[in-house]
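*Asks:* entry.txt is the file, holding compact mmCIF, C-alpha atoms:
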# COMPACT_ATOMS: atom_id res chain seq x y z
CA MET U 1 0.00 0.00 0.00
CA ALA U 2 2.86 2.37 0.82
CA ARG U 3 4.42 1.70 -2.57
CA SER U 4 1.06 2.39 -4.26
CA ALA U 5 0.75 5.72 -2.43
CA GLY U 6 4.29 6.65 -3.49
CA ARG U 7 3.47 5.96 -7.08
CA SER U 8 0.32 8.11 -6.82
CA GLY U 9 2.31 11.01 -5.37
CA SER U 10 4.88 10.72 -8.16
CA VAL U 11 2.17 10.79 -10.82
CA ALA U 12 0.57 13.81 -9.18
CA ARG U 13 3.87 15.70 -9.14
CA HIS U 14 4.42 14.89 -12.81
CA LEU U 15 0.97 16.24 -13.61
CA VAL U 16 1.30 19.39 -11.50
CA ILE U 17 4.59 20.56 -13.02
CA PRO U 18 3.33 20.67 -16.66
CA LEU U 19 0.11 22.32 -15.50
CA VAL U 20 2.06 25.04 -13.69
CA MET U 21 4.20 25.59 -16.78
CA VAL U 22 1.09 25.93 -18.95
CA LEU U 23 -0.40 28.49 -16.56
CA VAL U 24 2.87 30.46 -16.43
CA LEU U 25 3.17 30.52 -20.21
CA ALA U 26 -0.48 31.57 -20.54
CA GLY U 27 0.16 34.39 -18.09
CA ILE U 28 3.20 35.55 -20.02
CA ALA U 29 1.27 35.45 -23.30
CA GLY U 30 -1.65 37.34 -21.79
CA GLY U 31 0.63 39.94 -20.25
CA SER U 32 2.48 40.35 -23.54
CA TYR U 33 -0.79 40.86 -25.37
CA ILE U 34 -1.91 43.52 -22.90
CA ALA U 35 1.48 45.21 -23.06
CA LEU U 36 1.37 45.28 -26.85
CA GLN U 37 -2.11 46.74 -26.73
CA HIS U 38 -1.07 49.58 -24.46
CA TYR U 39 2.63 50.10 -25.01
CA GLY U 40 3.81 48.34 -28.16
CA SER U 41 2.64 47.41 -31.63
CA PRO U 42 -1.18 47.25 -31.65
CA ALA U 43 -3.09 44.13 -32.53
CA HIS U 44 -4.15 44.05 -36.19
CA GLU U 45 -1.59 46.73 -37.06
CA GLY U 46 -1.77 47.67 -40.73
CA THR U 47 -5.49 47.00 -41.10
CA CYS U 48 -8.74 48.97 -41.26
CA THR U 49 -12.28 48.03 -40.29
CA ALA U 50 -15.71 49.12 -41.50
CA THR U 51 -18.82 48.22 -39.50
CA GLY U 52 -22.50 47.88 -40.33
CA LEU U 53 -25.26 45.49 -41.39
CA GLY U 54 -24.74 43.65 -38.11
CA THR U 55 -21.12 42.76 -38.89
CA SER U 56 -17.69 44.20 -39.62
CA HIS U 57 -14.91 43.48 -42.11
CA ARG U 58 -11.18 44.07 -41.76
CA TYR U 59 -8.95 44.80 -44.75
CA SER U 60 -5.25 45.54 -45.12
CA THR U 61 -4.36 49.21 -45.61
CA GLU U 62 -3.45 48.51 -49.26
CA ARG U 63 -6.92 47.14 -49.94
CA VAL U 64 -8.66 49.92 -48.03
CA ALA U 65 -6.73 52.63 -49.88
CA ASN U 66 -7.88 51.09 -53.17
CA ALA U 67 -11.44 50.79 -51.85
CA ALA U 68 -11.31 54.49 -50.95
CA LEU U 69 -10.17 55.37 -54.46
CA ILE U 70 -12.92 53.31 -56.07
CA SER U 71 -15.51 54.99 -53.84
CA ALA U 72 -14.00 58.45 -54.40
CA VAL U 73 -14.36 58.10 -58.16
CA ALA U 74 -18.04 57.15 -57.73
CA VAL U 75 -18.68 60.18 -55.51
CA ASP U 76 -16.75 62.44 -57.87
CA ARG U 77 -18.88 61.27 -60.81
CA GLY U 78 -22.11 61.80 -58.85
CA LEU U 79 -22.97 58.09 -58.88
CA PRO U 80 -25.11 56.53 -56.13
CA PRO U 81 -23.51 54.49 -53.31
CA ARG U 82 -24.88 51.37 -55.02
CA ALA U 83 -22.39 51.90 -57.83
CA ALA U 84 -19.52 51.84 -55.34
CA SER U 85 -20.94 48.69 -53.70
CA ILE U 86 -20.96 46.91 -57.06
CA ALA U 87 -17.48 48.12 -57.95
CA LEU U 88 -16.01 47.10 -54.59
CA ALA U 89 -17.55 43.61 -54.70
CA THR U 90 -16.23 43.23 -58.24
CA ALA U 91 -12.71 44.45 -57.50
CA TYR U 92 -12.39 42.21 -54.45
CA GLN U 93 -13.40 39.14 -56.46
CA GLU U 94 -11.14 40.05 -59.36
CA SER U 95 -7.97 41.20 -57.58
CA GLN U 96 -8.69 41.20 -53.83
CA LEU U 97 -8.59 45.01 -54.16
CA ARG U 98 -4.96 45.04 -55.32
CA ASN U 99 -3.65 46.79 -58.41
CA ILE U 100 -1.84 43.75 -59.76
CA GLU U 101 0.21 43.49 -62.93
CA HIS U 102 -0.85 39.96 -63.84
CA GLY U 103 -3.93 37.78 -64.15
CA ASP U 104 -5.72 35.33 -66.43
CA ARG U 105 -4.36 35.80 -69.96
CA ASP U 106 -3.84 39.57 -70.36
CA SER U 107 -6.00 40.64 -67.39
CA LEU U 108 -4.57 43.49 -65.30
CA GLY U 109 -5.29 45.87 -62.45
CA LEU U 110 -8.00 46.25 -59.85
CA PHE U 111 -10.77 44.92 -62.08
CA GLN U 112 -8.63 42.50 -64.13
CA GLN U 113 -9.54 44.32 -67.32
CA ARG U 114 -8.05 43.04 -70.58
CA PRO U 115 -6.40 45.29 -73.18
CA SER U 116 -7.41 42.77 -75.84
CA GLN U 117 -11.07 43.29 -74.87
CA GLY U 118 -10.94 47.05 -75.40
CA TRP U 119 -10.57 48.20 -71.79
CA GLY U 120 -7.50 50.32 -72.60
CA SER U 121 -3.75 49.97 -72.86
CA GLU U 122 -1.74 48.15 -70.20
CA ALA U 123 -0.52 51.47 -68.78
CA GLU U 124 -4.05 52.87 -68.66
CA ILE U 125 -5.53 49.83 -66.95
CA LEU U 126 -2.76 49.88 -64.33
CA ASP U 127 -3.75 53.46 -63.47
CA PRO U 128 -6.43 52.78 -60.83
CA VAL U 129 -8.25 56.05 -61.51
CA TYR U 130 -8.49 55.22 -65.22
CA SER U 131 -9.54 51.59 -64.66
CA THR U 132 -12.17 52.58 -62.10
CA ASN U 133 -13.66 55.15 -64.47
CA ALA U 134 -13.67 52.52 -67.22
CA PHE U 135 -15.60 50.17 -64.93
CA TYR U 136 -18.17 52.86 -64.12
CA ASP U 137 -18.52 53.78 -67.80
CA ALA U 138 -19.54 50.18 -68.48
CA LEU U 139 -21.69 49.98 -65.34
CA GLU U 140 -23.79 52.98 -66.33
CA LYS U 141 -24.75 51.19 -69.55
CA VAL U 142 -26.45 48.38 -67.58
CA ASP U 143 -30.17 49.15 -67.43
CA GLY U 144 -31.55 49.36 -63.90
CA TYR U 145 -28.21 48.68 -62.21
CA THR U 146 -29.15 50.75 -59.15
CA ALA U 147 -31.92 48.31 -58.20
CA ALA U 148 -30.73 45.04 -59.72
CA ASP U 149 -28.85 42.23 -57.98
CA ILE U 150 -25.23 43.25 -57.31
CA ASN U 151 -23.81 39.93 -58.52
CA ASP U 152 -25.81 39.98 -61.74
CA VAL U 153 -24.84 43.55 -62.54
CA ALA U 154 -21.16 42.84 -61.87
CA GLN U 155 -21.33 39.82 -64.17
CA GLU U 156 -23.01 41.90 -66.87
CA VAL U 157 -20.02 44.24 -66.81
CA GLN U 158 -17.24 41.68 -66.36
CA ARG U 159 -18.44 38.60 -68.26
CA SER U 160 -16.56 36.37 -65.83
CA GLY U 161 -16.08 32.62 -66.13
CA HIS U 162 -17.34 32.47 -62.51
CA PRO U 163 -20.71 34.23 -62.83
CA GLU U 164 -21.83 33.78 -59.21
CA ALA U 165 -18.54 34.66 -57.50
CA TYR U 166 -19.29 38.37 -56.95
CA ARG U 167 -22.10 37.45 -54.57
CA ASP U 168 -19.55 36.27 -51.99
CA HIS U 169 -18.33 39.85 -51.52
CA GLU U 170 -21.60 41.77 -51.57
CA THR U 171 -21.74 42.39 -47.80
CA GLU U 172 -18.25 43.88 -47.49
CA GLY U 173 -18.79 45.81 -50.70
CA ARG U 174 -21.86 47.44 -49.19
CA LEU U 175 -20.10 48.05 -45.85
CA TYR U 176 -17.11 49.82 -47.33
CA ALA U 177 -19.21 51.70 -49.86
CA SER U 178 -21.37 53.00 -47.01
CA ALA U 179 -18.35 54.23 -45.07
CA LEU U 180 -16.43 55.61 -48.03
CA THR U 181 -19.35 57.40 -49.68
CA GLY U 182 -20.26 59.14 -46.42
CA GLN U 183 -23.48 57.26 -45.70
CA SER U 184 -22.54 55.91 -42.26
CA GLY U 185 -20.67 58.80 -40.67
CA ALA U 186 -17.56 58.16 -38.58
CA ASN U 187 -17.21 54.55 -39.61
CA LEU U 188 -13.78 53.59 -40.89
CA VAL U 189 -11.10 52.89 -38.26
CA CYS U 190 -7.49 52.01 -39.09
CA THR U 191 -4.94 50.50 -36.68
CA LEU U 192 -1.48 51.73 -37.60
CA GLY U 193 1.99 52.02 -36.15
CA GLU U 194 4.02 55.20 -35.88
CA VAL U 195 4.88 57.07 -39.07
CA GLY U 196 8.48 57.73 -38.12
CA SER U 197 9.16 60.32 -40.80
CA THR U 198 8.14 63.82 -41.87
CA VAL U 199 5.36 63.95 -44.44
CA SER U 200 4.28 66.91 -46.56
CA PRO U 201 0.61 67.88 -46.22
CA GLU U 202 0.74 68.65 -49.95
CA GLN U 203 0.78 64.90 -50.53
CA VAL U 204 -2.79 64.70 -49.18
CA ARG U 205 -3.92 67.66 -51.29
CA SER U 206 -2.37 66.20 -54.44
CA GLU U 207 -4.15 62.89 -53.94
CA LEU U 208 -7.38 64.72 -53.21
CA VAL U 209 -7.27 66.44 -56.60
CA ARG U 210 -6.33 63.20 -58.38
CA GLN U 211 -9.25 61.23 -56.93
CA PHE U 212 -11.89 64.01 -56.83
CA PRO U 213 -11.04 66.05 -59.97
CA GLN U 214 -14.57 67.05 -60.94
CA LEU U 215 -15.65 68.14 -57.47
CA THR U 216 -12.40 70.05 -57.05
CA GLU U 217 -12.74 71.81 -60.40
CA ALA U 218 -16.37 72.67 -59.70
CA GLY U 219 -15.44 74.15 -56.31
CA ARG U 220 -17.68 71.74 -54.43
CA LEU U 221 -14.70 70.88 -52.28
CA THR U 222 -11.66 72.99 -51.59
CA SER U 223 -8.54 72.42 -49.53
CA THR U 224 -6.16 74.85 -47.89
CA LEU U 225 -3.17 74.72 -45.59
CA ALA U 226 -3.57 76.31 -42.15
CA ALA U 227 -1.95 76.32 -38.72
CA ALA U 228 -2.66 72.98 -37.08
CA SER U 229 -2.96 74.63 -33.66
CA GLY U 230 -5.94 76.69 -34.76
CA SER U 231 -7.67 74.12 -36.96
CA ALA U 232 -7.57 70.78 -35.16
CA PRO U 233 -9.54 70.08 -31.96
CA GLN U 234 -6.47 68.33 -30.53
CA LEU U 235 -2.80 68.60 -31.41
CA PRO U 236 -0.79 65.38 -31.00
CA ALA U 237 2.89 65.81 -30.18
CA GLU U 238 3.89 64.08 -33.41
CA ALA U 239 1.76 66.37 -35.62
CA GLY U 240 3.30 68.78 -38.07
CA ALA U 241 2.61 72.49 -37.71
CA THR U 242 0.45 72.64 -40.84
CA ALA U 243 -2.98 71.06 -41.28
CA VAL U 244 -4.86 70.24 -44.46
CA VAL U 245 -8.29 71.81 -44.10
CA ILE U 246 -10.88 70.44 -46.52
CA ASP U 247 -14.14 72.33 -47.01
CA PRO U 248 -17.06 70.21 -48.31
CA GLN U 249 -19.14 73.37 -48.71
CA GLY U 250 -21.77 72.32 -46.17
CA ASP U 251 -22.38 68.88 -47.72
CA THR U 252 -22.20 66.58 -44.70
CA GLY U 253 -22.32 63.40 -46.78
CA LEU U 254 -19.37 64.61 -48.81
CA GLY U 255 -17.63 65.65 -45.61
CA TRP U 256 -17.83 62.14 -44.21
CA THR U 257 -16.71 60.73 -47.55
CA LEU U 258 -13.58 62.89 -47.28
CA ALA U 259 -13.02 62.17 -43.58
CA ASN U 260 -13.14 58.39 -44.03
CA TRP U 261 -11.12 58.71 -47.25
CA ALA U 262 -8.36 60.51 -45.31
CA VAL U 263 -8.29 57.72 -42.71
CA ALA U 264 -8.15 55.11 -45.48
CA ARG U 265 -5.14 56.97 -46.92
CA ALA U 266 -3.41 57.33 -43.54
CA ALA U 267 -0.86 54.58 -44.09
CA ASP U 268 0.19 56.03 -47.46
CA ASP U 269 0.07 59.70 -46.55
CA GLY U 270 1.45 59.68 -42.99
CA VAL U 271 -1.87 60.90 -41.54
CA ILE U 272 -1.98 60.89 -37.74
CA GLN U 273 -5.33 62.57 -37.08
CA VAL U 274 -8.59 63.29 -38.92
CA SER U 275 -11.43 65.32 -37.42
CA TYR U 276 -14.90 66.33 -38.63
CA GLN U 277 -18.26 67.22 -37.08
CA GLY U 278 -17.03 66.83 -33.48
CA ARG U 279 -15.49 63.41 -34.07
CA VAL U 280 -11.82 62.47 -34.32
CA TRP U 281 -9.74 59.50 -35.46
CA ASP U 282 -6.29 59.45 -33.85
CA ARG U 283 -3.53 57.14 -35.08
CA SER U 284 -1.88 56.90 -31.64
CA VAL U 285 -4.91 55.59 -29.74
CA ARG U 286 -4.66 51.97 -28.60
CA GLY U 287 -6.89 49.29 -27.07
CA GLU U 288 -10.67 49.52 -26.90
CA SER U 289 -10.59 53.27 -27.48
CA ALA U 290 -9.15 52.64 -30.95
CA THR U 291 -12.24 50.80 -32.19
CA ALA U 292 -14.27 53.97 -32.84
CA TRP U 293 -13.87 57.68 -33.49
CA ALA U 294 -13.79 59.74 -30.30
CA THR U 295 -16.00 62.74 -29.54
CA VAL U 296 -14.22 66.11 -29.31
CA SER U 297 -14.93 69.83 -29.32
CA GLY U 298 -13.09 72.77 -30.77
CA GLY U 299 -11.20 73.25 -33.99
CA GLU U 300 -13.13 73.65 -37.23
CA PRO U 301 -15.96 71.09 -36.98
CA ASP U 302 -17.51 71.95 -40.35
CA HIS U 303 -14.25 71.19 -42.13
CA VAL U 304 -12.35 67.94 -42.48
CA VAL U 305 -9.03 68.65 -40.73
CA VAL U 306 -6.15 66.31 -41.56
CA LEU U 307 -2.87 66.29 -39.62
CA VAL U 308 0.24 64.56 -40.93
CA SER U 309 3.43 63.51 -39.18
CA GLN U 310 6.33 65.82 -38.47
CA GLY U 311 8.56 62.78 -37.96
Would you mind writing the structure in this file as structure tokens?

*Replies:*
Amino acid sequence: MARSAGRSGSVARHLVIPLVMVLVLAGIAGGSYIALQHYGSPAHEGTCTATGLGTSHRYSTERVANAALISAVAVDRGLPPRAASIALATAYQESQLRNIEHGDRDSLGLFQQRPSQGWGSEAEILDPVYSTNAFYDALEKVDGYTAADINDVAQEVQRSGHPEAYRDHETEGRLYASALTGQSGANLVCTLGEVGSTVSPEQVRSELVRQFPQLTEAGRLTSTLAAASGSAPQLPAEAGATAVVIDPQGDTGLGWTLANWAVARAADDGVIQVSYQGRVWDRSVRGESATAWATVSGGEPDHVVVLVSQG
């Protein structure tokens, strides 16, 4: 009996030691996660999220920047949000929202358009503004596209060998179109690391003109450079002294289009803060607070104010 008890104690000790090690490792992992959330690289760094329709979808910053461009072109042309939904679902199916230089046969770009099928030259198709306009030119020729099934309309434009595939991306297409055409307010949130370099605010203004040429030319949106201290509701330590102040001329829907567009461009343009209508997205915020735009006061609430990094 004594030998049996000894064996039982030995087994127990052998079981306890691994269990303790598991608990210690779990504690270390949990502590590391919390530390990263508050002090280090944030979880999901390099991604953006749009929310709605009872769900949310996370994309890489490359994909979101392309989604913002596709939506910007729709807004600039005066097309309904439905057009952007169709275009986004199509581009995700065709290229996963990447401007790629390869594809089936001679297919290229965001929408995998083929030079041999009359979509344009290789150089033109690889210009995302050109290719997006080409897609919308074809879309507008589809009778009743604003009310028809998104998958069926996309197939009418693309003539894909996988005619039902666009349906798989309808929900995220609608989500991102809603955010990036200004229909759902302060929606898009990006989780990014530090910029680490000085960025010119003129880079934001240049891209604004490139993606919204008609609205800019018509004066329906204007942008100026102003002192960040007098324009932004908050002034992060890493902000440059000059803000880009975008005036949507009282059009709130357009204002939110531009605000979410600026957040979507944050990784490319070194944006650290965007504010509009008493709400603010701040690149440096971590943890639960980073999942939504904060409420603020001050600054120029009727203008989209964009701050970039001073390095």

*Asks:* To one decimal in Å, tell me the separation between CA of Glu156 (chain U) and CA of Leu139 (chain U).

*Replies:* 8.3 Å

*Asks:* In Å, how far is it from CA of Asn187 (chain U) to CA of Trp281 (chain U)?

*Replies:* 9.9 Å

*Asks:* Find the nearest atom pair between each residue of region 170-248 of chain U and region 270-279 of chain U for residues within 7 Å, count only C-alpha atoms, give distances in Å to one decimal, sort rows by chain and ascending number, and present the table as a tab-separated table.

*Replies:*
residue	atom	partner	partner_atom	distance
U:Val195	CA	U:Gly270	CA	5.8
U:Val199	CA	U:Gly270	CA	6.0
U:Ala239	CA	U:Ile272	CA	7.0

*Asks:* Compare U:Ser289, U:Thr181, U:Gln211, U:Thr224 by their minimum atom-to-atom distance to Gly253 (chain U), counting all atoms listed in the file, and give me the closest one.

*Replies:* U:Thr181

*Asks:* If we count all atoms listed in the file and set the cut-off at 8 Å, which residues sit around region 128-133 of chain U, ignoring sequence neighbours fewer than 2 positions away in its own chain? Please answer as a PyMOL selection string.

*Replies:* chain U and resi 66+69-70+73+99+109-111+113+119+124-126+135-137+211

*Asks:* Can you tell me how far CA of Ala241 (chain U) sits from CA of Asp282 (chain U), in Å to one decimal?

*Replies:*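 Calculated distance between CA of Ala241 (chain U) and CA of Asp282 (chain U) is 16.3 Å.
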
*Asks:* Could you pull the residues within 12 Å of Ala87 (chain U), counting only C-alpha atoms, minus those fewer than 4 positions along the same chain, as a ChimeraX atom specification?

*Replies:* /U:66-74,79-83,91-97,110-111,131-140,145,150-151,153-155,157-158,166,169-170,172-174,176-177

*Asks:* Name the residues in contact with Ala227 (chain U) at a cut-off of 10 Å, using only C-alpha atoms, excluding same-chain residues fewer than 3 positions from it; report them as a ChimeraX atom specification.

*Replies:* /U:230-232,240-245

*Asks:* Rank U:Thr61, U:Gln112, U:Asn260, U:Ser309 by their smallest atom-to-atom distance to Glu194 (chain U), using all atoms listed in the file, and report the top residue only.

*Replies:*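 Selected residue with least distance to Glu194 (chain U): U:Ser309.
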
*Asks:* Let me make sure I understand: among U:Ala147, U:Leu254, U:Ala123, U:Ala292, which one has the smallest atom-to-atom distance to Phe212 (chain U) if we use only C-alpha atoms?

*Replies:* U:Leu254

*Asks:* Contacts of Thr51 (chain U) at 12 Å or less, counting only C-alpha atoms, minus same-chain residues fewer than 4 places along, as a PDB file with C-alpha atoms, in the coordinates of the input?

*Replies:*
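What follows is the written file selection.pdb:
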ATOM      1  CA  THR U  55     -21.120  42.760 -38.890  1.00  0.00           C
ATOM      2  CA  SER U  56     -17.690  44.200 -39.620  1.00  0.00           C
ATOM      3  CA  HIS U  57     -14.910  43.480 -42.110  1.00  0.00           C
ATOM      4  CA  ARG U  58     -11.180  44.070 -41.760  1.00  0.00           C
ATOM      5  CA  TYR U  59      -8.950  44.800 -44.750  1.00  0.00           C
ATOM      6  CA  THR U 171     -21.740  42.390 -47.800  1.00  0.00           C
ATOM      7  CA  GLU U 172     -18.250  43.880 -47.490  1.00  0.00           C
ATOM      8  CA  GLY U 173     -18.790  45.810 -50.700  1.00  0.00           C
ATOM      9  CA  ARG U 174     -21.860  47.440 -49.190  1.00  0.00           C
ATOM     10  CA  LEU U 175     -20.100  48.050 -45.850  1.00  0.00           C
ATOM     11  CA  TYR U 176     -17.110  49.820 -47.330  1.00  0.00           C
ATOM     12  CA  ALA U 177     -19.210  51.700 -49.860  1.00  0.00           C
ATOM     13  CA  SER U 178     -21.370  53.000 -47.010  1.00  0.00           C
ATOM     14  CA  ALA U 179     -18.350  54.230 -45.070  1.00  0.00           C
ATOM     15  CA  LEU U 180     -16.430  55.610 -48.030  1.00  0.00           C
ATOM     16  CA  GLN U 183     -23.480  57.260 -45.700  1.00  0.00           C
ATOM     17  CA  SER U 184     -22.540  55.910 -42.260  1.00  0.00           C
ATOM     18  CA  GLY U 185     -20.670  58.800 -40.670  1.00  0.00           C
ATOM     19  CA  ALA U 186     -17.560  58.160 -38.580  1.00  0.00           C
ATOM     20  CA  ASN U 187     -17.210  54.550 -39.610  1.00  0.00           C
ATOM     21  CA  LEU U 188     -13.780  53.590 -40.890  1.00  0.00           C
ATOM     22  CA  VAL U 189     -11.100  52.890 -38.260  1.00  0.00           C
ATOM     23  CA  CYS U 190      -7.490  52.010 -39.090  1.00  0.00           C
ATOM     24  CA  THR U 291     -12.240  50.800 -32.190  1.00  0.00           C
ATOM     25  CA  ALA U 292     -14.270  53.970 -32.840  1.00  0.00           C
TER      26      ALA U 292
END

*Asks:* Give the answer as one residue: which of U:Ser116, U:Thr295, U:Ser160, U:Thr257 has the shortest atom-to-atom distance to Leu208 (chain U), using only C-alpha atoms?

*Replies:*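 Residue with the minimum atom-to-atom distance to Leu208 (chain U): U:Thr257.
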
*Asks:* Select all residues near (-9.8, 62.5, -45.4) (cut-off 7 Å, inclusive, file coordinates), counting all atoms listed in the file, and output them as a list of chain:residue names.

*Replies:*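 Residues close enough to count: U:Leu258, U:Ala259, U:Asn260, U:Trp261, U:Ala262, U:Val263, U:Val274, U:Val304, U:Val306.
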
*Asks:* Which is closer to Gly196 (chain U) than all the others in U:Gly54, U:Pro233, U:Gly78, U:Gly311, using only C-alpha atoms?

*Replies:*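 The closest residue to Gly196 (chain U) is U:Gly311.
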
*Asks:* Nearest to Leu192 (chain U): which of U:Ser206, U:Ser107, U:Ser284, U:Ser85 is it, counting all atoms listed in the file?

*Replies:*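 When distances to Leu192 (chain U) are compared using all atoms listed in the file, the smallest one comes from U:Ser284.
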